[in-house]
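Raw work_32.tsv, TSV, C-alpha atoms:
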```tsv
chain	number	residue	atom	x	y	z
A	28	MET	CA	32.39	-16.26	4.25
A	29	THR	CA	33.02	-13.79	1.42
A	30	ASN	CA	30.58	-10.91	1.09
A	31	ARG	CA	29.25	-10.66	-2.43
A	32	PRO	CA	28.73	-7.16	-3.91
A	33	GLU	CA	25.15	-6.03	-4.04
A	34	VAL	CA	23.51	-6.30	-7.44
A	35	ILE	CA	21.48	-3.15	-7.98
A	36	ALA	CA	18.49	-3.19	-10.35
A	37	LEU	CA	18.15	0.51	-11.07
A	38	ALA	CA	14.66	0.22	-12.51
A	39	THR	CA	13.22	-1.33	-9.33
A	40	ASP	CA	15.58	-0.03	-6.66
A	41	PRO	CA	13.81	2.52	-4.41
A	42	VAL	CA	17.04	4.31	-3.50
A	43	SER	CA	18.00	4.73	-7.17
A	44	ASP	CA	14.45	5.84	-7.91
A	45	ALA	CA	14.63	8.49	-5.19
A	46	LEU	CA	18.00	9.66	-6.50
A	47	SER	CA	16.60	9.91	-10.02
A	48	GLY	CA	13.75	12.06	-8.76
A	49	LEU	CA	16.18	14.31	-6.93
A	50	ILE	CA	18.34	14.64	-10.04
A	51	ARG	CA	15.30	15.61	-12.12
A	52	ASP	CA	14.30	18.22	-9.55
A	53	LEU	CA	17.79	19.69	-9.26
A	54	GLY	CA	18.48	19.88	-12.98
A	55	GLU	CA	21.68	20.02	-15.00
A	56	GLY	CA	24.61	21.76	-13.33
A	57	ALA	CA	23.20	21.55	-9.79
A	58	ARG	CA	25.26	20.16	-6.93
A	59	LEU	CA	23.96	17.27	-4.87
A	60	PRO	CA	23.74	17.73	-1.11
A	61	PRO	CA	26.75	16.44	0.88
A	62	GLU	CA	26.85	12.68	1.17
A	63	ARG	CA	25.94	12.53	4.87
A	64	GLU	CA	22.99	14.87	4.40
A	65	LEU	CA	21.80	13.04	1.29
A	66	ALA	CA	21.98	9.65	3.02
A	67	GLU	CA	19.86	10.97	5.88
A	68	GLN	CA	17.42	12.55	3.44
A	69	LEU	CA	16.96	9.23	1.62
A	70	GLY	CA	17.02	7.12	4.78
A	71	VAL	CA	19.87	4.87	3.66
A	72	SER	CA	23.40	4.11	4.78
A	73	ARG	CA	26.25	6.07	3.24
A	74	THR	CA	27.64	2.81	1.84
A	75	ALA	CA	24.39	2.08	0.00
A	76	LEU	CA	24.28	5.67	-1.25
A	77	ARG	CA	27.87	5.52	-2.52
A	78	ASP	CA	27.06	2.37	-4.51
A	79	ARG	CA	24.24	4.18	-6.33
A	80	LEU	CA	26.25	7.33	-6.85
A	81	ARG	CA	29.09	5.33	-8.41
A	82	LEU	CA	26.66	3.65	-10.79
A	83	LEU	CA	25.14	6.95	-11.87
A	84	GLU	CA	28.58	8.47	-12.21
A	85	GLY	CA	29.58	5.55	-14.41
A	86	PHE	CA	26.59	6.19	-16.67
A	87	GLY	CA	27.64	9.82	-16.97
A	88	VAL	CA	24.67	11.32	-15.12
A	89	LEU	CA	26.80	12.63	-12.25
A	90	ASN	CA	30.22	14.27	-12.21
A	91	ARG	CA	32.25	14.06	-9.00
A	92	ARG	CA	34.67	16.99	-8.63
A	93	GLN	CA	37.43	16.56	-6.10
A	94	GLY	CA	37.04	19.03	-3.26
A	95	SER	CA	33.87	20.53	-4.74
A	96	GLY	CA	31.11	17.93	-4.68
A	97	THR	CA	28.97	15.87	-7.02
A	98	TYR	CA	27.12	17.62	-9.83
A	99	VAL	CA	24.29	16.69	-12.15
A	100	GLN	CA	25.33	16.70	-15.79
A	101	ARG	CA	23.61	16.06	-19.10
A	102	LEU	CA	23.84	12.41	-20.09
A	103	ALA	CA	26.02	12.16	-23.17
A	104	PRO	CA	24.85	9.67	-25.81
A	105	GLN	CA	28.24	7.98	-25.53
A	106	GLY	CA	27.34	6.91	-22.00
A	107	LEU	CA	24.24	5.13	-23.23
A	108	GLU	CA	26.19	3.74	-26.18
A	109	PHE	CA	28.69	2.17	-23.78
A	110	ALA	CA	25.90	0.73	-21.61
A	111	LEU	CA	24.11	-0.68	-24.68
A	112	ASP	CA	27.29	-2.29	-26.01
A	113	LEU	CA	28.02	-3.74	-22.59
A	114	ALA	CA	24.46	-5.06	-22.23
A	115	LEU	CA	24.61	-6.73	-25.65
A	116	SER	CA	27.93	-8.38	-24.83
A	117	ALA	CA	26.97	-9.49	-21.34
A	118	SER	CA	23.61	-10.83	-22.47
A	119	HIS	CA	25.08	-12.57	-25.52
A	120	LEU	CA	22.66	-10.69	-27.76
A	121	SER	CA	23.46	-10.26	-31.42
A	122	ILE	CA	23.18	-7.13	-33.52
A	123	GLU	CA	20.32	-8.88	-35.33
A	124	SER	CA	18.34	-8.98	-32.09
A	125	LEU	CA	18.03	-5.19	-32.30
A	126	HIS	CA	16.88	-5.26	-35.90
A	127	SER	CA	13.17	-4.72	-35.23
A	128	VAL	CA	14.01	-1.84	-32.88
A	129	ARG	CA	16.10	-0.19	-35.55
A	130	VAL	CA	13.44	-0.71	-38.24
A	131	ALA	CA	10.79	0.96	-36.08
A	132	LEU	CA	13.14	3.78	-35.05
A	133	GLU	CA	14.16	4.60	-38.60
A	134	ARG	CA	10.60	4.34	-39.93
A	135	GLN	CA	9.52	6.97	-37.42
A	136	ALA	CA	12.60	9.04	-38.19
A	137	ALA	CA	11.86	8.93	-41.92
A	138	ARG	CA	8.29	10.12	-41.36
A	139	GLU	CA	9.34	12.93	-39.03
A	140	ALA	CA	12.19	14.06	-41.28
A	141	ALA	CA	9.85	14.23	-44.28
A	142	ARG	CA	7.26	16.14	-42.26
A	143	LYS	CA	9.81	18.60	-40.94
A	144	GLY	CA	11.35	19.13	-44.37
A	145	ASP	CA	14.52	20.87	-43.20
A	146	PRO	CA	16.36	21.50	-46.49
A	147	ILE	CA	19.82	21.65	-44.91
A	148	ALA	CA	19.33	18.43	-42.94
A	149	ILE	CA	17.94	16.66	-46.01
A	150	ALA	CA	20.91	17.93	-48.02
A	151	HIS	CA	23.16	16.01	-45.62
A	152	VAL	CA	21.18	12.86	-46.42
A	153	GLY	CA	21.61	13.61	-50.12
A	154	LYS	CA	25.34	14.17	-49.66
A	155	ALA	CA	25.67	10.73	-48.08
A	156	LEU	CA	23.78	9.19	-51.01
A	157	ALA	CA	26.05	11.01	-53.49
A	158	ASP	CA	29.10	9.73	-51.62
A	159	MET	CA	27.65	6.23	-51.84
A	160	GLU	CA	27.28	6.57	-55.61
A	161	ALA	CA	30.85	7.84	-55.93
A	162	ALA	CA	32.35	5.23	-53.58
A	163	ALA	CA	35.46	3.56	-54.89
A	164	THR	CA	35.88	0.92	-52.18
A	165	ALA	CA	33.75	-1.19	-49.87
A	166	GLU	CA	34.92	0.95	-46.96
A	167	ASP	CA	33.70	4.08	-48.76
A	168	ILE	CA	30.28	2.49	-49.19
A	169	ASP	CA	30.22	1.61	-45.48
A	170	ASP	CA	31.06	5.17	-44.48
A	171	ALA	CA	28.41	6.63	-46.78
A	172	ASP	CA	25.78	4.13	-45.61
A	173	PHE	CA	26.50	4.97	-41.98
A	174	ALA	CA	26.43	8.73	-42.72
A	175	PHE	CA	23.09	8.36	-44.54
A	176	HIS	CA	21.35	6.80	-41.56
A	177	GLN	CA	22.89	9.18	-39.05
A	178	ALA	CA	21.84	12.14	-41.22
A	179	LEU	CA	18.32	10.73	-41.50
A	180	LEU	CA	17.92	10.48	-37.73
A	181	HIS	CA	19.30	13.98	-37.21
A	182	ALA	CA	17.01	15.37	-39.94
A	183	THR	CA	14.01	14.75	-37.70
A	184	GLY	CA	14.87	17.69	-35.47
A	185	ASN	CA	13.58	15.45	-32.68
A	186	ALA	CA	15.96	15.69	-29.71
A	187	ALA	CA	15.01	12.23	-28.43
A	188	LEU	CA	15.56	10.53	-31.78
A	189	THR	CA	18.84	12.40	-32.23
A	190	PHE	CA	19.98	11.29	-28.79
A	191	PHE	CA	19.21	7.66	-29.52
A	192	ALA	CA	20.80	7.98	-32.96
A	193	ASP	CA	24.04	9.04	-31.31
A	194	ALA	CA	23.68	6.38	-28.62
A	195	MET	CA	23.28	3.67	-31.26
A	196	THR	CA	26.31	4.82	-33.28
A	197	GLY	CA	28.39	1.75	-32.41
A	198	VAL	CA	25.53	-0.68	-32.95
A	199	LEU	CA	24.62	0.92	-36.28
A	200	PHE	CA	28.17	0.89	-37.59
A	201	ARG	CA	28.63	-2.76	-36.66
A	202	ALA	CA	25.35	-3.58	-38.44
A	203	VAL	CA	26.68	-1.83	-41.55
A	204	ARG	CA	29.94	-3.79	-41.27
A	205	GLN	CA	28.10	-7.08	-40.89
A	206	ARG	CA	26.04	-6.34	-43.95
A	207	ARG	CA	29.19	-5.41	-45.86
A	208	ASP	CA	30.78	-8.74	-44.95
A	209	ARG	CA	27.78	-10.50	-46.46
A	210	LEU	CA	27.58	-8.22	-49.49
A	211	LYS	CA	31.24	-8.22	-50.49
A	212	THR	CA	30.78	-11.23	-52.76
A	213	HIS	CA	27.79	-9.68	-54.55
A	214	PRO	CA	28.60	-8.42	-58.06
A	215	LYS	CA	26.53	-5.25	-57.68
A	216	ASP	CA	26.97	-4.29	-54.05
A	217	LYS	CA	27.24	-0.53	-54.65
A	218	GLU	CA	24.28	-0.44	-57.04
A	219	LEU	CA	22.17	-2.34	-54.51
A	220	SER	CA	23.13	0.05	-51.72
A	221	VAL	CA	22.27	3.12	-53.78
A	222	ALA	CA	18.99	1.60	-55.00
A	223	ALA	CA	17.97	0.72	-51.44
A	224	HIS	CA	18.53	4.27	-50.17
A	225	ARG	CA	17.48	6.51	-53.08
A	226	PRO	CA	13.66	6.17	-52.69
A	227	LEU	CA	13.93	7.27	-49.08
A	228	TYR	CA	15.93	10.36	-50.03
A	229	GLU	CA	13.43	11.20	-52.78
A	230	ALA	CA	10.52	10.86	-50.33
A	231	LEU	CA	12.26	13.28	-47.97
A	232	LEU	CA	12.71	15.77	-50.82
A	233	ALA	CA	9.02	15.45	-51.66
A	234	GLY	CA	8.00	15.93	-48.03
A	235	ASP	CA	5.87	12.77	-48.25
A	236	GLU	CA	5.95	11.17	-44.81
A	237	ASP	CA	3.93	8.09	-45.82
A	238	ALA	CA	6.26	7.42	-48.74
A	239	ALA	CA	9.27	8.02	-46.51
A	240	GLY	CA	8.06	5.52	-43.92
A	241	LYS	CA	7.38	2.95	-46.63
A	242	ALA	CA	10.75	3.58	-48.28
A	243	SER	CA	12.48	3.00	-44.95
A	244	ASP	CA	10.70	-0.33	-44.50
A	245	ASP	CA	11.39	-1.29	-48.13
A	246	HIS	CA	15.08	-0.51	-47.61
A	247	PHE	CA	15.29	-3.05	-44.80
A	248	GLN	CA	13.22	-5.56	-46.76
A	249	ILE	CA	15.67	-5.40	-49.67
A	250	TRP	CA	18.48	-6.56	-47.41
A	251	HIS	CA	16.31	-9.21	-45.80
A	252	ASP	CA	15.33	-10.64	-49.19
A	253	LEU	CA	18.89	-10.52	-50.42
A	254	PHE	CA	20.34	-12.29	-47.42
A	255	THR	CA	17.74	-15.05	-47.43
A	256	GLN	CA	18.67	-15.92	-51.03
A	257	PRO	CA	21.66	-18.07	-51.97
A	258	ARG	CA	24.86	-16.04	-52.07
A	259	MET	CA	25.92	-14.63	-55.42
A	260	GLU	CA	29.62	-14.87	-56.17
A	261	ARG	CA	31.55	-12.28	-58.14
A	262	PRO	CA	32.33	-13.43	-61.67
```

Using C-alpha cells, write down the structure that the file contains.
Amino acid sequence: MTNRPEVIALATDPVSDALSGLIRDLGEGARLPPERELAEQLGVSRTALRDRLRLLEGFGVLNRRQGSGTYVQRLAPQGLEFALDLALSASHLSIESLHSVRVALERQAAREAARKGDPIAIAHVGKALADMEAAATAEDIDDADFAFHQALLHATGNAALTFFADAMTGVLFRAVRQRRDRLKTHPKDKELSVAAHRPLYEALLAGDEDAAGKASDDHFQIWHDLFTQPRMERP
C-alpha cells in the first residue's frame, strides 16, 4: 500500500504553530536550533519537523544554509505573491473573486495616503496619471494604470499595506490586463482611464481622506458600470 504524503494545514497544525511562535521569538537573522534539538523541544519526530521546515522554507520564511544551519529571514512579498497565485490556480478562483478584497484594500489605502499627505509619494501617483494621459498605446495605459495603483498603496506609508501591495503585484497586473482586453474596443479607453483616476489624485493633493475613499470606490464603480453595459465598438 502506497503511503500518501501528509497534508499539512498550517493554520491548524500545532507543530507549525509552535514553529511560528519560535520564529517570532527568535527574530530575523537568528539561527534555529539543530534539527535533533528542535524536534525534541517540540516533541515531534525529525521527519515531521523536516516537513514543516520545508514548507516554511518554500514560503521564504526560513533560509537553509549548507553547513551552517537554518536561519529566520524576512518574508519577501514575492513569496506571498507566489502562494497567492498558486492558491488561485489550485482553487480555480478567478481574479474577479478578489475584487471586493481589492476594493476594500484600495479604499483604505486612499484614505491613509490622503491623511499622510507625503508630497513625494503623491507626486509618484501624479506621475502615473500624467503617463496615462500621454500614453500612445494600450500597453502604455496598462503600465500607467498599474503604476498608479502601486504608487497609491505605497503612498500610505503603512508597512502592512505596502507589503500586501507588493504581494498582489501579479494579481493586480492581471486585473489591469483583463480590463484592457475588455476596454480595447471602446472608442475612448484612454479618456475613461484618466477620468476614473483623476478625482482620486486630486483628493490626495487636497489631503481629503473622505473624498479619497469615495473617489477610490467611484473608480471601481465606473468600470463595473461600463462592463455591465453592452460593448461599444470602435467606429

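Distances here use all atoms listed in the file; by that measure, the residue among A:Ala155, A:Ala136, A:Leu46, A:Ala239 closest to Thr189 (chain A) is A:Ala136.
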
- Query: In Å, with one decimal, what is the gap from CA of Arg142 (chain A) to CA of Ile168 (chain A)?
  - Reply: 27.6 Å

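Ranking A:Asp216, A:Glu67, A:Glu236, A:Asp52 by their shortest atom-to-atom distance to Thr164 (chain A), with all atoms listed in the file included, puts A:Asp216 first.
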
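Here CA of Ala57 (chain A) is placed at a distance of 24.5 Å from CA of Phe191 (chain A).
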
- 12 Å contact set for Asn90 (chain A), all atoms listed in the file, chain neighbours under 3 positions out, as an NGL selection string: :A and (55-59 or 80-87 or 93 or 95-103)
